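Visitor: Let me give you the structure first, and then I'll get to my questions.
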2 protein chains.
Amino acid sequence: MTAQPSAPRRGRGRPPRATASADAPATRDRILAAAREVFAERGYEKASVRGIAKAADVDPALVHHYFGTKEQVFESAVEGAFAPVLRSRPFAEARPGRVGEQFARMFLGVWENPATRAPLLAIVRSAVSNEAAAAIFRRLVTGLVLSRVAEELDGPDAQLRAELAAAQVVGLVMLRYVIKVEPAASADPEDLIARLAPVLQHHLTGGHLPADG
Amino acid sequence: MTAQPSAPRRGRGRPPRATASADAPATRDRILAAAREVFAERGYEKASVRGIAKAADVDPALVHHYFGTKEQVFESAVEGAFAPVLRSRPFAEARPGRVGEQFARMFLGVWENPATRAPLLAIVRSAVSNEAAAAIFRRLVTGLVLSRVAEELDGPDAQLRAELAAAQVVGLVMLRYVIKVEPAASADPEDLIARLAPVLQHHLTGGHLPADG
């Protein structure tokens with residue numbers, strides 16, 4: 001991580017196709033959207049700042065200007081993909097005893113929506129196959145998502161319990177959306193929510209698992 | 001899958017470094033071990049029969065002779081990696097009410113052992129990043145592992161319940177061994193087994209052993 005974000009290239013070379021001054025938030029979003037597509041298509045290792053710039057139709061210097069290195073572009077893309085999860089407040093919104101259901105609903109909602117599924121799939125694929133991408137994923141998931149959940153739990157093992165709940169959901173993501181194992185891949189989302197809810201409730205709050213009669 | 005296994009190349013070319021007649025089971029095992037290493041190092045897409053043959057110090061024709069195409073080598077490597085799981089009989093071996101614990105112990109055992117973890121990690125990485133590898137993984141996991149577990153369960157949703165139990169374990173594998181999120185990555189295996197056991201028991205038996213039902 002030695003490269004620093006640099007100002008857009010100026011001077012007599014090929015003029016930038018877009019400049020930092022031109023509608024900055026829109027340009028930034030366009031670069032991020034392009035980055036998610038490029039990471040999804042090529043994977044982390046083969047993706048390059050140049051390729052991302054090309055897909056966003058901007059000068060590579062502008063990508064460096066907004067984000068810095070490839071690692072930093074990836075980190076911003078991951079953060080953006082987690083934004084819907086971070087905006088939701090499952091504990092605050094859940095009725096008592098329904099935290100597990102609320103969590104299951106939130107995660108399935110994010111993954112059932114193709115607009116949020118695509119970037120998340122790209123991130124999972126990159127993190128599984130590349131150590132640098134895994135490190136970024138690890139830092140963000142621990143820092144942004146799991147710590148935030150663990151904060152709301154009691155006890156010294158809150159972080160581990162949050163991770164075991166996350167593991168249940170991550171595993172379902174793998175089987176349903178990545179490996180596409182049947183019948184999990186085609187199961188009704190409401191059926192899955194009903195099956196996951198007591199398990200997530202158990203992990204998160206120590207609630208007893210129901211003994212089905 | 002159009003290529004057929006072919007006989008080892010003969011004739012006036014470079015002589016094979018090993019032939020099919022020479023201690024066949026040992027040669028076959030050496031090729032499989034080399035294949036797992038090559039798939040682990042290079043990933044499914046970049047791995048080649050030629051590269052696997054080189055790592056095993058045999059002629060590529062011998063790899064084709066024993067296994068056929070790259071897809072078929074991968075399939076055999078996956079089957080071999082699952083062998084310890086397939087040899088175990090968690091339902092038969094578990095005390096009543098301890099099926100969940102037995103499953104947790106079996107899976108953690110396979111993944112805690114570096115000799116079995118390495119090929120499994122290679123397979124997971126390949127299956128996540130490549131569709132052809134995912135298809136092979138899907139077929140084997142469903143056919144060999146999950147159907148076998150579901151057979152021992154009662155009810156029309158046995159396969160889905162087996163998959164939700166698998167999801168809990170697969171997710172933990174992702175967080176602990178692939179992404180290496182703390183504290184899950186360093187947690188004591190016995191602690192994890194104790195935490196997973198009731199959840200797996202719930203998924204697999206709905207809180208009761210099939211015999212109790």
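In the structure tokens, chains take the letters A, B, ... in the order shown, each chain's residues start at 1, and ligands count up from 1 in the order shown.
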How far apart are chain A and chain B by Cα RMSD after a least-squares superposition over every Cα, paired in order?
Guide: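 Across the paired C-alpha atoms, the RMSD reaches 3.2 Å.
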Visitor: Contacts of B:Leu121 at 10 Å or less, counting only C-alpha atoms, minus same-chain residues fewer than 3 places along, as a PyMOL selection string?
Guide: (chain A and resi 128) or (chain B and resi 36+39-40+81+111+116-118+124-127+173-174+177-178)
Visitor: Write a file of the selected residues as a PDB file, in the first residue's frame, keeping N, CA and C atoms.
Guide:
```pdb
ATOM      1  N   VAL A 128     -12.266 -15.029  -1.864  1.00  0.00           N
ATOM      2  CA  VAL A 128     -11.948 -16.448  -1.716  1.00  0.00           C
ATOM      3  C   VAL A 128     -10.689 -16.801  -2.492  1.00  0.00           C
TER       4      VAL A 128
ATOM      5  N   ARG B  36      -4.147 -31.991  -6.829  1.00  0.00           N
ATOM      6  CA  ARG B  36      -4.644 -31.139  -5.733  1.00  0.00           C
ATOM      7  C   ARG B  36      -3.711 -29.961  -5.503  1.00  0.00           C
ATOM      8  N   PHE B  39      -4.176 -27.536  -8.528  1.00  0.00           N
ATOM      9  CA  PHE B  39      -5.447 -26.806  -8.421  1.00  0.00           C
ATOM     10  C   PHE B  39      -5.373 -25.779  -7.282  1.00  0.00           C
ATOM     11  N   ALA B  40      -4.694 -26.144  -6.190  1.00  0.00           N
ATOM     12  CA  ALA B  40      -4.586 -25.233  -5.048  1.00  0.00           C
ATOM     13  C   ALA B  40      -3.738 -24.015  -5.407  1.00  0.00           C
ATOM     14  N   ALA B  81     -10.857 -35.859  -1.737  1.00  0.00           N
ATOM     15  CA  ALA B  81     -10.825 -34.954  -0.588  1.00  0.00           C
ATOM     16  C   ALA B  81     -12.007 -35.223   0.345  1.00  0.00           C
ATOM     17  N   TRP B 111     -11.327 -30.398   8.749  1.00  0.00           N
ATOM     18  CA  TRP B 111     -10.790 -29.082   8.412  1.00  0.00           C
ATOM     19  C   TRP B 111      -9.624 -28.678   9.308  1.00  0.00           C
ATOM     20  N   THR B 116      -5.976 -32.771   5.126  1.00  0.00           N
ATOM     21  CA  THR B 116      -7.259 -32.768   4.439  1.00  0.00           C
ATOM     22  C   THR B 116      -7.741 -31.346   4.149  1.00  0.00           C
ATOM     23  N   ARG B 117      -7.276 -30.376   4.953  1.00  0.00           N
ATOM     24  CA  ARG B 117      -7.731 -29.001   4.735  1.00  0.00           C
ATOM     25  C   ARG B 117      -7.228 -28.449   3.400  1.00  0.00           C
ATOM     26  N   ALA B 118      -5.967 -28.717   3.075  1.00  0.00           N
ATOM     27  CA  ALA B 118      -5.374 -28.132   1.863  1.00  0.00           C
ATOM     28  C   ALA B 118      -6.167 -28.484   0.597  1.00  0.00           C
ATOM     29  N   VAL B 124     -12.735 -25.523  -2.742  1.00  0.00           N
ATOM     30  CA  VAL B 124     -13.650 -24.416  -2.458  1.00  0.00           C
ATOM     31  C   VAL B 124     -13.256 -23.200  -3.292  1.00  0.00           C
ATOM     32  N   ARG B 125     -11.962 -22.884  -3.321  1.00  0.00           N
ATOM     33  CA  ARG B 125     -11.498 -21.731  -4.095  1.00  0.00           C
ATOM     34  C   ARG B 125     -11.848 -21.888  -5.575  1.00  0.00           C
ATOM     35  N   SER B 126     -11.603 -23.085  -6.116  1.00  0.00           N
ATOM     36  CA  SER B 126     -11.892 -23.306  -7.536  1.00  0.00           C
ATOM     37  C   SER B 126     -13.387 -23.212  -7.806  1.00  0.00           C
ATOM     38  N   ALA B 127     -14.201 -23.807  -6.913  1.00  0.00           N
ATOM     39  CA  ALA B 127     -15.647 -23.853  -7.137  1.00  0.00           C
ATOM     40  C   ALA B 127     -16.261 -22.465  -7.056  1.00  0.00           C
ATOM     41  N   VAL B 173     -16.377 -22.538   7.790  1.00  0.00           N
ATOM     42  CA  VAL B 173     -15.156 -22.801   7.024  1.00  0.00           C
ATOM     43  C   VAL B 173     -14.696 -21.517   6.333  1.00  0.00           C
ATOM     44  N   MET B 174     -15.632 -20.810   5.711  1.00  0.00           N
ATOM     45  CA  MET B 174     -15.292 -19.562   5.024  1.00  0.00           C
ATOM     46  C   MET B 174     -14.695 -18.542   5.998  1.00  0.00           C
ATOM     47  N   TYR B 177     -11.308 -20.433   7.974  1.00  0.00           N
ATOM     48  CA  TYR B 177     -10.129 -20.920   7.241  1.00  0.00           C
ATOM     49  C   TYR B 177      -9.840 -20.124   5.967  1.00  0.00           C
ATOM     50  N   VAL B 178     -10.849 -19.529   5.343  1.00  0.00           N
ATOM     51  CA  VAL B 178     -10.626 -18.838   4.071  1.00  0.00           C
ATOM     52  C   VAL B 178     -10.419 -17.345   4.306  1.00  0.00           C
TER      53      VAL B 178
END
```
Visitor: Output as a tab-separated table one row per residue of chain A within 8 Å of chain B: the closest atom pair and its distance in Å to one decimal place, counting only C-alpha atoms, sorted by chain and residue number ascending.
Guide:
```
residue	atom	partner	partner_atom	distance
A:Arg125	CA	B:Ser129	CA	5.6
A:Ser126	CA	B:Ser129	CA	7.9
A:Ala127	CA	B:Ile179	CA	7.0
A:Val128	CA	B:Arg125	CA	5.8
A:Ser129	CA	B:Arg125	CA	5.6
A:Ala134	CA	B:Ile179	CA	5.5
A:Ala135	CA	B:Ile179	CA	7.3
A:Phe137	CA	B:Ile179	CA	7.5
A:Arg138	CA	B:Val181	CA	5.8
A:Thr142	CA	B:Val181	CA	6.9
A:Gln159	CA	B:Pro183	CA	7.1
A:Leu160	CA	B:Pro183	CA	5.9
A:Glu163	CA	B:Ala184	CA	6.8
A:Leu164	CA	B:Leu172	CA	6.8
A:Ala166	CA	B:Gly171	CA	7.5
A:Ala167	CA	B:Gly171	CA	4.0
A:Gln168	CA	B:Gln168	CA	4.1
A:Val169	CA	B:Gly171	CA	7.0
A:Val170	CA	B:Gly171	CA	4.9
A:Gly171	CA	B:Gly171	CA	3.7
A:Leu172	CA	B:Ala167	CA	4.9
A:Met174	CA	B:Ala167	CA	7.6
A:Leu175	CA	B:Ala167	CA	6.7
A:Val178	CA	B:Val128	CA	6.4
A:Ile179	CA	B:Ala134	CA	5.5
A:Lys180	CA	B:Arg138	CA	7.1
A:Val181	CA	B:Arg138	CA	5.8
A:Glu182	CA	B:Thr142	CA	7.8
A:Pro183	CA	B:Leu160	CA	6.0
A:Ala184	CA	B:Leu160	CA	6.0
A:Val199	CA	B:Val199	CA	6.4
A:Leu209	CA	B:His202	CA	7.1
A:Pro210	CA	B:Gly207	CA	7.1
A:Ala211	CA	B:Gly207	CA	4.7
A:Asp212	CA	B:Gly206	CA	5.5
```
Visitor: Would you output that residue set with C-alpha atoms, as a PDB file, in the first residue's frame?
Guide:
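Writing done, so here's selection_37.pdb:
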```
ATOM      1  CA  ARG A 125     -15.340 -14.539  -5.360  1.00  0.00           C
ATOM      2  CA  SER A 126     -12.393 -12.147  -5.106  1.00  0.00           C
ATOM      3  CA  ALA A 127     -11.969 -12.661  -1.360  1.00  0.00           C
ATOM      4  CA  VAL A 128     -11.948 -16.448  -1.716  1.00  0.00           C
ATOM      5  CA  SER A 129      -9.348 -16.521  -4.461  1.00  0.00           C
ATOM      6  CA  ALA A 134      -9.529 -11.423   1.610  1.00  0.00           C
ATOM      7  CA  ALA A 135      -7.670  -9.031   3.928  1.00  0.00           C
ATOM      8  CA  PHE A 137     -12.994  -8.176   3.104  1.00  0.00           C
ATOM      9  CA  ARG A 138     -11.935  -9.336   6.581  1.00  0.00           C
ATOM     10  CA  THR A 142     -15.233  -7.387  11.021  1.00  0.00           C
ATOM     11  CA  GLN A 159     -18.238 -11.210  18.594  1.00  0.00           C
ATOM     12  CA  LEU A 160     -17.918 -14.990  18.215  1.00  0.00           C
ATOM     13  CA  GLU A 163     -19.724 -14.620  13.587  1.00  0.00           C
ATOM     14  CA  LEU A 164     -21.483 -17.955  14.021  1.00  0.00           C
ATOM     15  CA  ALA A 166     -22.916 -14.766  10.017  1.00  0.00           C
ATOM     16  CA  ALA A 167     -21.475 -18.211   9.219  1.00  0.00           C
ATOM     17  CA  GLN A 168     -24.975 -19.682   8.912  1.00  0.00           C
ATOM     18  CA  VAL A 169     -25.920 -16.974   6.430  1.00  0.00           C
ATOM     19  CA  VAL A 170     -22.602 -16.983   4.535  1.00  0.00           C
ATOM     20  CA  GLY A 171     -22.877 -20.758   4.112  1.00  0.00           C
ATOM     21  CA  LEU A 172     -26.381 -20.448   2.731  1.00  0.00           C
ATOM     22  CA  MET A 174     -22.440 -20.193  -0.852  1.00  0.00           C
ATOM     23  CA  LEU A 175     -24.835 -23.104  -1.367  1.00  0.00           C
ATOM     24  CA  VAL A 178     -22.544 -19.457  -5.615  1.00  0.00           C
ATOM     25  CA  ILE A 179     -22.524 -23.278  -5.868  1.00  0.00           C
ATOM     26  CA  LYS A 180     -26.290 -23.422  -6.523  1.00  0.00           C
ATOM     27  CA  VAL A 181     -27.047 -26.686  -4.738  1.00  0.00           C
ATOM     28  CA  GLU A 182     -30.666 -27.865  -4.978  1.00  0.00           C
ATOM     29  CA  PRO A 183     -33.116 -27.651  -3.277  1.00  0.00           C
ATOM     30  CA  ALA A 184     -31.511 -24.718  -1.406  1.00  0.00           C
ATOM     31  CA  VAL A 199     -30.918 -20.558  14.536  1.00  0.00           C
ATOM     32  CA  LEU A 209     -33.905 -23.724  19.769  1.00  0.00           C
ATOM     33  CA  PRO A 210     -37.467 -24.933  19.528  1.00  0.00           C
ATOM     34  CA  ALA A 211     -37.949 -28.653  19.982  1.00  0.00           C
ATOM     35  CA  ASP A 212     -40.247 -29.405  17.095  1.00  0.00           C
TER      36      ASP A 212
END
```
Visitor: Between A:Leu120, A:Leu108, A:Ile31, A:Phe103, single out the one closest to A:Val149, counting only C-alpha atoms.
Guide: A:Phe103
Visitor: Give me, as a PyMOL selection string, the residues of stretch 34-99 of chain A that a backbone DSSP run labels alpha helix (DSSP H).
Guide: chain A and resi 34-46+49-56+60-67+70-87+90-93+99
Visitor: So how far away is atom CA of B:Glu190 from atom CA of B:Glu151, in Å?
Guide: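 About the pair atom CA of B:Glu151 and atom CA of B:Glu190: they are 27.8 Å apart.
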Visitor: Quick one, how far is atom CA of B:Thr69 from atom CA of B:Ala53?
Guide: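 Computing the Euclidean distance for atom CA of B:Thr69 and atom CA of B:Ala53 yields 12.3 Å.
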Visitor: Kindly give the distance, in Å, that separates atom CA of A:Ala47 and atom CA of A:Ala34, rounded to a single decimal.
Guide: 11.0 Å
Visitor: Just the residues within 10 Å of B:Leu140, please, counting only C-alpha atoms, with nothing from its chain fewer than 6 positions along; format it as a ChimeraX atom specification.
Guide: /B:75-76,78-79,82,134,146-147
